[in-house]
file data.pdb (PDB, C-alpha atoms)
ATOM      1  CA  LEU A  22      -6.474 -20.245   6.217
ATOM      2  CA  ALA A  23      -2.994 -19.118   7.267
ATOM      3  CA  GLU A  24      -1.908 -18.873   3.631
ATOM      4  CA  THR A  25      -5.042 -16.903   2.753
ATOM      5  CA  LEU A  26      -4.370 -14.458   5.582
ATOM      6  CA  ARG A  27      -0.779 -14.014   4.414
ATOM      7  CA  ASP A  28      -1.930 -13.325   0.847
ATOM      8  CA  ILE A  29      -4.532 -10.813   2.030
ATOM      9  CA  THR A  30      -2.053  -9.061   4.321
ATOM     10  CA  ALA A  31       0.501  -8.812   1.502
ATOM     11  CA  ALA A  32      -2.134  -7.241  -0.746
ATOM     12  CA  LEU A  33      -3.152  -4.761   1.942
ATOM     13  CA  VAL A  34       0.339  -3.490   2.757
ATOM     14  CA  SER A  35       1.276  -3.184  -0.920
ATOM     15  CA  ASN A  36      -1.503  -0.680  -1.609
ATOM     16  CA  LEU A  37      -1.369   2.965  -0.526
ATOM     17  CA  ASP A  38      -4.647   4.215  -1.987
ATOM     18  CA  LEU A  39      -7.150   4.444   0.882
ATOM     19  CA  ASP A  40     -10.245   3.636  -1.179
ATOM     20  CA  ARG A  41      -8.597   0.546  -2.623
ATOM     21  CA  VAL A  42      -7.362  -0.477   0.825
ATOM     22  CA  LEU A  43     -10.914  -0.298   2.175
ATOM     23  CA  ASP A  44     -12.191  -2.399  -0.742
ATOM     24  CA  ASP A  45      -9.427  -4.963  -0.140
ATOM     25  CA  ILE A  46     -10.386  -5.148   3.543
ATOM     26  CA  LEU A  47     -14.028  -5.851   2.692
ATOM     27  CA  ASP A  48     -13.054  -8.499   0.182
ATOM     28  CA  GLY A  49     -10.397 -10.011   2.415
ATOM     29  CA  LEU A  50     -12.620 -10.460   5.456
ATOM     30  CA  SER A  51     -15.243 -12.246   3.357
ATOM     31  CA  ARG A  52     -12.547 -14.761   2.409
ATOM     32  CA  VAL A  53     -11.642 -15.733   5.971
ATOM     33  CA  VAL A  54     -15.052 -15.787   7.712
ATOM     34  CA  THR A  55     -18.580 -16.340   6.443
ATOM     35  CA  LEU A  56     -20.724 -13.229   6.612
ATOM     36  CA  ASP A  57     -23.775 -11.544   5.162
ATOM     37  CA  ALA A  58     -22.505  -8.008   5.599
ATOM     38  CA  VAL A  59     -19.281  -6.257   6.518
ATOM     39  CA  THR A  60     -18.810  -2.603   7.405
ATOM     40  CA  ILE A  61     -15.865  -0.336   8.164
ATOM     41  CA  LEU A  62     -16.382   2.546  10.580
ATOM     42  CA  LEU A  63     -13.641   5.165  10.865
ATOM     43  CA  ALA A  64     -13.277   7.551  13.780
ATOM     44  CA  GLU A  65     -13.873  11.221  13.120
ATOM     45  CA  PRO A  66     -11.023  13.467  14.344
ATOM     46  CA  GLU A  67     -11.611  15.028  17.776
ATOM     47  CA  SER A  68     -15.136  13.636  17.940
ATOM     48  CA  ASP A  69     -17.087  10.842  19.640
ATOM     49  CA  ARG A  70     -18.457   9.763  16.290
ATOM     50  CA  PHE A  71     -17.590   7.218  13.642
ATOM     51  CA  THR A  72     -18.213   7.520   9.913
ATOM     52  CA  VAL A  73     -19.469   4.635   7.791
ATOM     53  CA  ALA A  74     -16.481   4.539   5.431
ATOM     54  CA  ALA A  75     -17.249   1.409   3.397
ATOM     55  CA  GLY A  76     -19.348  -1.721   3.434
ATOM     56  CA  ALA A  77     -20.694  -4.690   1.527
ATOM     57  CA  GLY A  78     -23.806  -6.830   1.729
ATOM     58  CA  LEU A  79     -26.107  -4.137   3.057
ATOM     59  CA  PRO A  80     -29.191  -3.306   0.940
ATOM     60  CA  GLU A  81     -29.123   0.295   2.174
ATOM     61  CA  LEU A  82     -25.350   0.677   1.708
ATOM     62  CA  ALA A  83     -25.537   3.627  -0.684
ATOM     63  CA  GLU A  84     -27.686   5.497   1.826
ATOM     64  CA  ILE A  85     -25.474   5.003   4.873
ATOM     65  CA  VAL A  86     -21.925   5.372   3.517
ATOM     66  CA  GLY A  87     -20.672   8.711   4.744
ATOM     67  CA  LEU A  88     -23.169   8.903   7.584
ATOM     68  CA  SER A  89     -21.956   9.649  11.092
ATOM     69  CA  VAL A  90     -22.586   7.180  13.907
ATOM     70  CA  PRO A  91     -22.748   8.979  17.284
ATOM     71  CA  LEU A  92     -21.012   7.086  20.064
ATOM     72  CA  GLY A  93     -23.376   5.739  22.678
ATOM     73  CA  GLU A  94     -26.621   6.143  20.750
ATOM     74  CA  GLY A  95     -28.903   3.320  21.831
ATOM     75  CA  ALA A  96     -26.384   2.038  24.367
ATOM     76  CA  SER A  97     -26.385   1.986  28.155
ATOM     77  CA  GLU A  98     -23.906   4.014  30.179
ATOM     78  CA  GLU A  99     -22.237   0.797  31.363
ATOM     79  CA  ALA A 100     -21.641  -0.433  27.829
ATOM     80  CA  SER A 101     -18.077  -0.716  26.618
ATOM     81  CA  LEU A 102     -16.847   1.413  23.736
ATOM     82  CA  GLU A 103     -17.037  -1.574  21.412
ATOM     83  CA  THR A 104     -20.585  -2.462  22.483
ATOM     84  CA  SER A 105     -21.675   1.155  22.274
ATOM     85  CA  VAL A 106     -20.398   1.521  18.728
ATOM     86  CA  ARG A 107     -21.980  -1.770  17.659
ATOM     87  CA  GLN A 108     -25.367  -0.862  19.119
ATOM     88  CA  ALA A 109     -25.297   2.588  17.544
ATOM     89  CA  TYR A 110     -24.355   1.128  14.174
ATOM     90  CA  HIS A 111     -27.053  -1.563  14.292
ATOM     91  CA  GLN A 112     -29.609   1.049  15.200
ATOM     92  CA  LEU A 113     -28.513   3.055  12.163
ATOM     93  CA  VAL A 114     -28.924   0.114   9.756
ATOM     94  CA  ASP A 115     -31.992  -1.264  11.574
ATOM     95  CA  ALA A 116     -30.357  -4.663  12.064
ATOM     96  CA  PRO A 117     -32.619  -7.568  13.134
ATOM     97  CA  ALA A 118     -32.597  -8.552  16.794
ATOM     98  CA  THR A 119     -31.633 -12.152  16.025
ATOM     99  CA  HIS A 120     -28.294 -12.251  14.251
ATOM    100  CA  SER A 121     -24.593 -12.772  14.917
ATOM    101  CA  CYS A 122     -21.991 -10.017  14.947
ATOM    102  CA  ILE A 123     -18.281  -9.549  15.491
ATOM    103  CA  THR A 124     -17.028  -6.043  16.175
ATOM    104  CA  ALA A 125     -13.240  -5.706  15.941
ATOM    105  CA  PRO A 126     -11.375  -2.502  16.791
ATOM    106  CA  LEU A 127      -9.036  -1.017  14.214
ATOM    107  CA  ALA A 128      -6.214   0.110  16.475
ATOM    108  CA  VAL A 129      -2.877   1.763  15.728
ATOM    109  CA  GLY A 130      -0.393   2.485  18.482
ATOM    110  CA  GLY A 131      -3.001   1.988  21.162
ATOM    111  CA  SER A 132      -5.498   4.381  19.542
ATOM    112  CA  VAL A 133      -8.745   3.116  18.030
ATOM    113  CA  ILE A 134      -9.127   4.581  14.533
ATOM    114  CA  GLY A 135     -12.282   2.651  13.702
ATOM    115  CA  TYR A 136     -14.142  -0.641  13.802
ATOM    116  CA  LEU A 137     -14.585  -3.593  11.489
ATOM    117  CA  ILE A 138     -18.037  -5.164  11.815
ATOM    118  CA  ALA A 139     -19.039  -8.572  10.434
ATOM    119  CA  ASP A 140     -22.709  -9.634  10.507
ATOM    120  CA  HIS A 141     -24.473 -12.938   9.852
ATOM    121  CA  HIS A 142     -28.210 -13.531   9.874
ATOM    122  CA  GLN A 143     -27.987 -16.718  11.966
ATOM    123  CA  THR A 144     -27.962 -16.475  15.747
ATOM    124  CA  ASP A 145     -24.794 -17.808  17.444
ATOM    125  CA  HIS A 146     -23.161 -18.301  14.073
ATOM    126  CA  TYR A 147     -19.712 -17.065  15.067
ATOM    127  CA  THR A 148     -17.341 -19.007  17.291
ATOM    128  CA  GLU A 149     -14.503 -17.729  19.461
ATOM    129  CA  PHE A 150     -12.137 -18.907  16.748
ATOM    130  CA  ASP A 151     -13.967 -16.730  14.217
ATOM    131  CA  ARG A 152     -13.611 -13.769  16.545
ATOM    132  CA  GLU A 153      -9.870 -14.361  16.913
ATOM    133  CA  ILE A 154      -9.517 -14.460  13.133
ATOM    134  CA  VAL A 155     -11.405 -11.192  12.700
ATOM    135  CA  LEU A 156      -9.390  -9.513  15.463
ATOM    136  CA  ALA A 157      -6.127 -10.611  13.856
ATOM    137  CA  PHE A 158      -7.348  -9.458  10.446
ATOM    138  CA  ALA A 159      -8.422  -6.096  11.929
ATOM    139  CA  ASN A 160      -4.889  -5.487  13.196
ATOM    140  CA  GLN A 161      -3.520  -5.839   9.670
ATOM    141  CA  ALA A 162      -6.369  -3.766   8.255
ATOM    142  CA  ALA A 163      -5.688  -0.939  10.722
ATOM    143  CA  ALA A 164      -2.013  -0.859   9.760
ATOM    144  CA  ALA A 165      -2.917  -0.712   6.064
ATOM    145  CA  ILE A 166      -5.404   2.128   6.630
ATOM    146  CA  ASN A 167      -2.843   4.056   8.662
ATOM    147  CA  ASN A 168      -0.164   3.607   5.992
ATOM    148  CA  ALA A 169      -2.537   4.830   3.278
ATOM    149  CA  ARG A 170      -3.434   7.879   5.357
ATOM    150  CA  LEU A 171       0.211   8.708   6.028
ATOM    151  CA  PHE A 172       1.013   8.396   2.331
ATOM    152  CA  ALA A 173      -1.898  10.692   1.409
ATOM    153  CA  ALA A 174      -0.798  13.217   4.042
ATOM    154  CA  LYS A 175       2.745  13.232   2.644
ATOM    155  CA  GLN A 176       1.409  13.735  -0.864
ATOM    156  CA  THR A 177      -0.789  16.602   0.305
ATOM    157  CA  GLU A 178       2.102  18.164   2.206
ATOM    158  CA  ALA A 179       4.359  17.987  -0.839
ATOM    159  CA  TRP A 180       1.653  19.439  -3.074
ATOM    160  CA  VAL A 181       0.924  22.306  -0.659
ATOM    161  CA  THR A 182       4.629  23.097  -0.400
ATOM    162  CA  THR A 183       4.929  23.215  -4.188
ATOM    163  CA  VAL A 184       1.966  25.581  -4.562
ATOM    164  CA  LEU A 185       3.222  27.847  -1.767
ATOM    165  CA  LEU A 186       6.592  28.088  -3.494
ATOM    166  CA  GLN A 187       4.834  29.066  -6.714
ATOM    167  CA  VAL A 188       2.900  31.758  -4.846
ATOM    168  CA  ALA A 189       6.133  33.083  -3.328
ATOM    169  CA  GLU A 190       7.845  33.079  -6.725
ATOM    170  CA  ALA A 191       4.936  34.973  -8.278
ATOM    171  CA  ALA A 192       4.991  37.570  -5.488
ATOM    172  CA  ASN A 193       8.727  38.143  -5.899
ATOM    173  CA  ALA A 194       8.812  38.065  -9.701
ATOM    174  CA  GLN A 195       9.555  41.246 -11.635
ATOM    175  CA  ILE A 196       6.231  41.363 -13.454
ATOM    176  CA  GLU A 197       3.205  43.624 -13.544
ATOM    177  CA  VAL A 198       1.134  43.804 -10.371
ATOM    178  CA  GLU A 199      -2.012  42.673 -12.179
ATOM    179  CA  GLU A 200      -0.278  39.567 -13.500
ATOM    180  CA  THR A 201       1.122  38.795 -10.041
ATOM    181  CA  LEU A 202      -2.320  39.075  -8.457
ATOM    182  CA  GLU A 203      -3.881  36.852 -11.119
ATOM    183  CA  THR A 204      -1.231  34.202 -10.509
ATOM    184  CA  ILE A 205      -1.707  34.365  -6.724
ATOM    185  CA  ALA A 206      -5.491  34.154  -7.080
ATOM    186  CA  ARG A 207      -5.231  31.122  -9.365
ATOM    187  CA  LEU A 208      -2.772  29.289  -7.106
ATOM    188  CA  THR A 209      -4.719  30.133  -3.950
ATOM    189  CA  ALA A 210      -7.895  28.678  -5.442
ATOM    190  CA  ARG A 211      -6.001  25.509  -6.316
ATOM    191  CA  LEU A 212      -4.485  25.309  -2.839
ATOM    192  CA  ALA A 213      -7.841  25.795  -1.100
ATOM    193  CA  GLY A 214      -9.632  23.397  -3.426
ATOM    194  CA  VAL A 215     -12.220  25.965  -4.502
ATOM    195  CA  GLY A 216     -13.422  27.007  -7.916
ATOM    196  CA  ARG A 217     -12.765  30.704  -7.554
ATOM    197  CA  CYS A 218     -10.624  33.139  -5.563
ATOM    198  CA  MET A 219     -10.918  36.918  -5.582
ATOM    199  CA  ILE A 220      -8.339  39.478  -4.487
ATOM    200  CA  LEU A 221      -9.615  42.920  -3.512
ATOM    201  CA  ARG A 222      -7.399  45.998  -3.632
ATOM    202  CA  TRP A 223      -7.957  49.078  -1.513
ATOM    203  CA  ASP A 224      -8.396  52.309  -3.454
ATOM    204  CA  GLY A 225      -7.374  55.100  -1.105
ATOM    205  CA  GLU A 226      -8.777  57.916  -3.239
ATOM    206  CA  ALA A 227     -12.177  56.266  -3.713
ATOM    207  CA  GLU A 228     -12.033  54.806  -0.216
ATOM    208  CA  SER A 229     -13.374  51.475  -1.479
ATOM    209  CA  TYR A 230     -12.193  48.066  -2.651
ATOM    210  CA  THR A 231     -11.762  47.154  -6.284
ATOM    211  CA  ILE A 232     -11.300  43.703  -7.788
ATOM    212  CA  GLY A 233      -7.603  43.144  -8.314
ATOM    213  CA  ALA A 234      -7.830  39.632  -9.629
ATOM    214  CA  GLN A 235     -10.174  36.658  -9.715
TER     215      GLN A 235
END
call {"tool": "encode", "arguments": {"input": "data.pdb", "output": "structure tokens"}}
result
Amino acid sequence: LAETLRDITAALVSNLDLDRVLDDILDGLSRVVTLDAVTILLAEPESDRFTVAAGAGLPELAEIVGLSVPLGEGASEEASLETSVRQAYHQLVDAPATHSCITAPLAVGGSVIGYLIADHHQTDHYTEFDREIVLAFANQAAAAINNARLFAAKQTEAWVTTVLLQVAEAANAQIEVEETLETIARLTARLAGVGRCMILRWDGEAESYTIGAQ
């Protein structure tokens, strides 16, 4: 088991693509504990909700991936954060009343970025040892997710900087105004991730806007 965990951890930290990291987490957990289903919930920024980011073993998986799980839905006010999330998630997937579940927080630097949930159809299937394994695995999974996110953010930052420099170069270039506007419109659309960008120019004599570029 220890060797398997080391192999899984090595695979997780060596990958910086978030989608692949999530797939490796699903596959890795199934190798260290027996389960019928496994799900990864990721916290939504500045929100009391968690998104179903990935999963395996659920018949309705395609329907729930991407759905938002509101914190506290179906849970009592006294319930812990972990219990609240688990109850809300099980309500979402209509989980049977008799089953076993381990809910492990994905925490980075003291902040919970999500939850890793393992389910088994048998009641009292999981032992305390199983829970310790899942908790330890979740710590490695959280680090891998965080690394992938940081890498993606750096890539995005570098790409945005490059496009902004191109926009600045086009604005300062000694070329026709129309060509400059077309370049800025094209780069702005790429930067914003949209299919089309339009620049309107003010016509003082007509007192109206005209299309400068698109």
call {"tool": "resolve_selection", "arguments": {"input": "data.pdb", "expression": "the PyMOL selection byres ((chain A and resi 204) around 9)", "output": "PyMOL selection string"}}
result
chain A and resi 187-188+191-192+199-203+205-209+234
call {"tool": "atom_distance", "arguments": {"input": "data.pdb", "atom1": "CA of Leu137 in chain A", "atom2": "CA of Thr72 in chain A"}}
result
11.8 Å
call {"tool": "axis_aligned_box", "arguments": {"input": "data.pdb", "around": "range 158-163 of chain A", "padding_each_side": "3 Å", "output": "JSON"}}
result
{"center_x": -6.0, "center_y": -5.2, "center_z": 10.7, "size_x": 10.9, "size_y": 14.5, "size_z": 10.9}
call {"tool": "resolve_selection", "arguments": {"input": "data.pdb", "expression": "the PyMOL selection byres ((chain A and resi 144) around 10)", "output": "list in words"}}
result
Ala118, Thr119, His120, Ser121, Cys122, His141, His142, Gln143, Asp145, His146 and Tyr147 of chain A
call {"tool": "write_last_selection", "arguments": {"input": "data.pdb", "atoms": "C-alpha atoms", "output": "PDB file, keeping the file's coordinate frame"}}
result
ATOM      1  CA  ALA A 118     -32.597  -8.552  16.794  1.00  0.00           C
ATOM      2  CA  THR A 119     -31.633 -12.152  16.025  1.00  0.00           C
ATOM      3  CA  HIS A 120     -28.294 -12.251  14.251  1.00  0.00           C
ATOM      4  CA  SER A 121     -24.593 -12.772  14.917  1.00  0.00           C
ATOM      5  CA  CYS A 122     -21.991 -10.017  14.947  1.00  0.00           C
ATOM      6  CA  HIS A 141     -24.473 -12.938   9.852  1.00  0.00           C
ATOM      7  CA  HIS A 142     -28.210 -13.531   9.874  1.00  0.00           C
ATOM      8  CA  GLN A 143     -27.987 -16.718  11.966  1.00  0.00           C
ATOM      9  CA  ASP A 145     -24.794 -17.808  17.444  1.00  0.00           C
ATOM     10  CA  HIS A 146     -23.161 -18.301  14.073  1.00  0.00           C
ATOM     11  CA  TYR A 147     -19.712 -17.065  15.067  1.00  0.00           C
TER      12      TYR A 147
END
call {"tool": "atom_distance", "arguments": {"input": "data.pdb", "atom1": "CA of Ala162 in chain A", "atom2": "CA of Glu81 in chain A"}}
result
23.9 Å
call {"tool": "decode", "arguments": {"input": "data.pdb", "residues": "range 41-181 of chain A", "atoms": "C-alpha atoms", "output": "PDB file, in the first residue's frame"}}
result
ATOM      1  CA  ARG A  41      -5.495  15.050 -16.070  1.00  0.00           C
ATOM      2  CA  VAL A  42      -4.765  15.639 -12.385  1.00  0.00           C
ATOM      3  CA  LEU A  43      -8.444  15.139 -11.553  1.00  0.00           C
ATOM      4  CA  ASP A  44      -8.528  11.918 -13.596  1.00  0.00           C
ATOM      5  CA  ASP A  45      -5.385  10.677 -11.818  1.00  0.00           C
ATOM      6  CA  ILE A  46      -6.991  11.413  -8.442  1.00  0.00           C
ATOM      7  CA  LEU A  47     -10.085   9.381  -9.327  1.00  0.00           C
ATOM      8  CA  ASP A  48      -7.983   6.500 -10.570  1.00  0.00           C
ATOM      9  CA  GLY A  49      -5.539   6.696  -7.686  1.00  0.00           C
ATOM     10  CA  LEU A  50      -8.143   6.596  -4.929  1.00  0.00           C
ATOM     11  CA  SER A  51      -9.746   3.506  -6.466  1.00  0.00           C
ATOM     12  CA  ARG A  52      -6.366   1.785  -6.145  1.00  0.00           C
ATOM     13  CA  VAL A  53      -5.984   2.354  -2.406  1.00  0.00           C
ATOM     14  CA  VAL A  54      -9.548   1.817  -1.113  1.00  0.00           C
ATOM     15  CA  THR A  55     -12.488  -0.181  -2.428  1.00  0.00           C
ATOM     16  CA  LEU A  56     -15.339   1.991  -3.634  1.00  0.00           C
ATOM     17  CA  ASP A  57     -18.359   2.081  -5.897  1.00  0.00           C
ATOM     18  CA  ALA A  58     -18.143   5.776  -6.678  1.00  0.00           C
ATOM     19  CA  VAL A  59     -15.725   8.637  -6.159  1.00  0.00           C
ATOM     20  CA  THR A  60     -16.386  12.337  -6.646  1.00  0.00           C
ATOM     21  CA  ILE A  61     -14.329  15.520  -6.494  1.00  0.00           C
ATOM     22  CA  LEU A  62     -16.038  18.722  -5.379  1.00  0.00           C
ATOM     23  CA  LEU A  63     -14.168  22.003  -5.816  1.00  0.00           C
ATOM     24  CA  ALA A  64     -15.020  25.194  -3.970  1.00  0.00           C
ATOM     25  CA  GLU A  65     -16.381  28.075  -5.996  1.00  0.00           C
ATOM     26  CA  PRO A  66     -14.503  31.363  -5.416  1.00  0.00           C
ATOM     27  CA  GLU A  67     -16.151  33.691  -2.882  1.00  0.00           C
ATOM     28  CA  SER A  68     -19.164  31.410  -2.562  1.00  0.00           C
ATOM     29  CA  ASP A  69     -20.645  28.862  -0.149  1.00  0.00           C
ATOM     30  CA  ARG A  70     -20.989  26.385  -2.980  1.00  0.00           C
ATOM     31  CA  PHE A  71     -18.986  23.518  -4.399  1.00  0.00           C
ATOM     32  CA  THR A  72     -18.898  22.383  -8.016  1.00  0.00           C
ATOM     33  CA  VAL A  73     -18.924  18.726  -9.032  1.00  0.00           C
ATOM     34  CA  ALA A  74     -15.596  18.798 -10.883  1.00  0.00           C
ATOM     35  CA  ALA A  75     -15.116  15.102 -11.680  1.00  0.00           C
ATOM     36  CA  GLY A  76     -16.315  11.667 -10.693  1.00  0.00           C
ATOM     37  CA  ALA A  77     -16.449   7.978 -11.489  1.00  0.00           C
ATOM     38  CA  GLY A  78     -18.889   5.168 -10.816  1.00  0.00           C
ATOM     39  CA  LEU A  79     -22.018   7.295 -10.813  1.00  0.00           C
ATOM     40  CA  PRO A  80     -24.717   6.396 -13.380  1.00  0.00           C
ATOM     41  CA  GLU A  81     -25.816  10.035 -13.566  1.00  0.00           C
ATOM     42  CA  LEU A  82     -22.250  11.393 -13.766  1.00  0.00           C
ATOM     43  CA  ALA A  83     -22.691  13.193 -17.086  1.00  0.00           C
ATOM     44  CA  GLU A  84     -25.707  15.016 -15.671  1.00  0.00           C
ATOM     45  CA  ILE A  85     -24.106  16.249 -12.455  1.00  0.00           C
ATOM     46  CA  VAL A  86     -20.568  17.236 -13.496  1.00  0.00           C
ATOM     47  CA  GLY A  87     -20.479  21.007 -13.474  1.00  0.00           C
ATOM     48  CA  LEU A  88     -23.465  21.329 -11.168  1.00  0.00           C
ATOM     49  CA  SER A  89     -23.217  23.511  -8.084  1.00  0.00           C
ATOM     50  CA  VAL A  90     -23.757  22.025  -4.632  1.00  0.00           C
ATOM     51  CA  PRO A  91     -25.050  24.680  -2.194  1.00  0.00           C
ATOM     52  CA  LEU A  92     -23.490  24.429   1.245  1.00  0.00           C
ATOM     53  CA  GLY A  93     -25.914  23.344   3.926  1.00  0.00           C
ATOM     54  CA  GLU A  94     -28.695  22.074   1.676  1.00  0.00           C
ATOM     55  CA  GLY A  95     -30.355  19.197   3.496  1.00  0.00           C
ATOM     56  CA  ALA A  96     -28.161  19.654   6.560  1.00  0.00           C
ATOM     57  CA  SER A  97     -28.916  20.839  10.079  1.00  0.00           C
ATOM     58  CA  GLU A  98     -27.496  24.076  11.442  1.00  0.00           C
ATOM     59  CA  GLU A  99     -25.340  22.103  13.890  1.00  0.00           C
ATOM     60  CA  ALA A 100     -23.749  20.039  11.140  1.00  0.00           C
ATOM     61  CA  SER A 101     -20.061  20.495  10.476  1.00  0.00           C
ATOM     62  CA  LEU A 102     -18.855  21.842   7.147  1.00  0.00           C
ATOM     63  CA  GLU A 103     -17.806  18.357   6.087  1.00  0.00           C
ATOM     64  CA  THR A 104     -21.153  16.814   7.056  1.00  0.00           C
ATOM     65  CA  SER A 105     -23.060  19.642   5.417  1.00  0.00           C
ATOM     66  CA  VAL A 106     -21.227  19.212   2.132  1.00  0.00           C
ATOM     67  CA  ARG A 107     -21.671  15.434   2.206  1.00  0.00           C
ATOM     68  CA  GLN A 108     -25.401  15.672   2.886  1.00  0.00           C
ATOM     69  CA  ALA A 109     -25.892  18.264   0.160  1.00  0.00           C
ATOM     70  CA  TYR A 110     -23.947  16.155  -2.320  1.00  0.00           C
ATOM     71  CA  HIS A 111     -25.841  12.955  -1.480  1.00  0.00           C
ATOM     72  CA  GLN A 112     -29.105  14.794  -1.860  1.00  0.00           C
ATOM     73  CA  LEU A 113     -27.962  15.938  -5.300  1.00  0.00           C
ATOM     74  CA  VAL A 114     -27.118  12.400  -6.475  1.00  0.00           C
ATOM     75  CA  ASP A 115     -30.038  10.810  -4.588  1.00  0.00           C
ATOM     76  CA  ALA A 116     -27.728   8.438  -2.717  1.00  0.00           C
ATOM     77  CA  PRO A 117     -29.347   5.490  -0.876  1.00  0.00           C
ATOM     78  CA  ALA A 118     -29.818   5.808   2.872  1.00  0.00           C
ATOM     79  CA  THR A 119     -27.836   2.638   3.589  1.00  0.00           C
ATOM     80  CA  HIS A 120     -24.294   3.006   2.315  1.00  0.00           C
ATOM     81  CA  SER A 121     -20.796   3.902   3.487  1.00  0.00           C
ATOM     82  CA  CYS A 122     -19.040   7.178   2.752  1.00  0.00           C
ATOM     83  CA  ILE A 123     -15.759   8.921   3.446  1.00  0.00           C
ATOM     84  CA  THR A 124     -15.603  12.664   2.904  1.00  0.00           C
ATOM     85  CA  ALA A 125     -12.059  14.061   2.936  1.00  0.00           C
ATOM     86  CA  PRO A 126     -11.280  17.778   2.720  1.00  0.00           C
ATOM     87  CA  LEU A 127      -8.922  18.991   0.019  1.00  0.00           C
ATOM     88  CA  ALA A 128      -6.996  21.606   1.969  1.00  0.00           C
ATOM     89  CA  VAL A 129      -4.109  23.873   0.995  1.00  0.00           C
ATOM     90  CA  GLY A 130      -2.500  26.181   3.517  1.00  0.00           C
ATOM     91  CA  GLY A 131      -5.383  25.802   5.919  1.00  0.00           C
ATOM     92  CA  SER A 132      -8.025  26.641   3.292  1.00  0.00           C
ATOM     93  CA  VAL A 133     -10.468  24.014   2.044  1.00  0.00           C
ATOM     94  CA  ILE A 134     -10.493  24.069  -1.766  1.00  0.00           C
ATOM     95  CA  GLY A 135     -12.819  21.098  -2.131  1.00  0.00           C
ATOM     96  CA  TYR A 136     -13.764  17.613  -1.003  1.00  0.00           C
ATOM     97  CA  LEU A 137     -12.965  14.086  -2.091  1.00  0.00           C
ATOM     98  CA  ILE A 138     -15.898  11.720  -1.548  1.00  0.00           C
ATOM     99  CA  ALA A 139     -15.701   7.916  -1.662  1.00  0.00           C
ATOM    100  CA  ASP A 140     -18.917   5.856  -1.562  1.00  0.00           C
ATOM    101  CA  HIS A 141     -19.615   2.145  -1.118  1.00  0.00           C
ATOM    102  CA  HIS A 142     -23.003   0.465  -1.246  1.00  0.00           C
ATOM    103  CA  GLN A 143     -22.407  -1.633   1.887  1.00  0.00           C
ATOM    104  CA  THR A 144     -23.211  -0.180   5.293  1.00  0.00           C
ATOM    105  CA  ASP A 145     -20.219   0.161   7.666  1.00  0.00           C
ATOM    106  CA  HIS A 146     -17.867  -0.870   4.895  1.00  0.00           C
ATOM    107  CA  TYR A 147     -15.120   1.624   5.696  1.00  0.00           C
ATOM    108  CA  THR A 148     -12.835   1.345   8.702  1.00  0.00           C
ATOM    109  CA  GLU A 149     -10.914   4.070  10.512  1.00  0.00           C
ATOM    110  CA  PHE A 150      -7.828   2.867   8.676  1.00  0.00           C
ATOM    111  CA  ASP A 151      -9.599   3.424   5.351  1.00  0.00           C
ATOM    112  CA  ARG A 152     -10.485   6.937   6.441  1.00  0.00           C
ATOM    113  CA  GLU A 153      -6.871   7.685   7.369  1.00  0.00           C
ATOM    114  CA  ILE A 154      -5.747   6.477   3.949  1.00  0.00           C
ATOM    115  CA  VAL A 155      -8.274   8.672   2.153  1.00  0.00           C
ATOM    116  CA  LEU A 156      -7.354  11.695   4.282  1.00  0.00           C
ATOM    117  CA  ALA A 157      -3.664  11.200   3.526  1.00  0.00           C
ATOM    118  CA  PHE A 158      -4.421  10.745  -0.171  1.00  0.00           C
ATOM    119  CA  ALA A 159      -6.590  13.899  -0.152  1.00  0.00           C
ATOM    120  CA  ASN A 160      -3.659  15.948   1.141  1.00  0.00           C
ATOM    121  CA  GLN A 161      -1.561  14.910  -1.851  1.00  0.00           C
ATOM    122  CA  ALA A 162      -4.496  15.422  -4.206  1.00  0.00           C
ATOM    123  CA  ALA A 163      -5.068  18.961  -2.906  1.00  0.00           C
ATOM    124  CA  ALA A 164      -1.418  19.856  -3.462  1.00  0.00           C
ATOM    125  CA  ALA A 165      -1.562  18.507  -7.020  1.00  0.00           C
ATOM    126  CA  ILE A 166      -4.749  20.459  -7.793  1.00  0.00           C
ATOM    127  CA  ASN A 167      -3.228  23.635  -6.377  1.00  0.00           C
ATOM    128  CA  ASN A 168      -0.040  23.194  -8.414  1.00  0.00           C
ATOM    129  CA  ALA A 169      -2.045  22.672 -11.608  1.00  0.00           C
ATOM    130  CA  ARG A 170      -4.088  25.794 -10.903  1.00  0.00           C
ATOM    131  CA  LEU A 171      -0.986  27.882 -10.231  1.00  0.00           C
ATOM    132  CA  PHE A 172       0.600  26.649 -13.453  1.00  0.00           C
ATOM    133  CA  ALA A 173      -2.549  27.501 -15.441  1.00  0.00           C
ATOM    134  CA  ALA A 174      -2.683  30.953 -13.834  1.00  0.00           C
ATOM    135  CA  LYS A 175       0.947  31.609 -14.782  1.00  0.00           C
ATOM    136  CA  GLN A 176       0.266  30.503 -18.341  1.00  0.00           C
ATOM    137  CA  THR A 177      -2.777  32.766 -18.538  1.00  0.00           C
ATOM    138  CA  GLU A 178      -0.824  35.675 -17.076  1.00  0.00           C
ATOM    139  CA  ALA A 179       1.972  35.224 -19.600  1.00  0.00           C
ATOM    140  CA  TRP A 180      -0.503  34.959 -22.469  1.00  0.00           C
ATOM    141  CA  VAL A 181      -2.409  38.080 -21.371  1.00  0.00           C
TER     142      VAL A 181
END
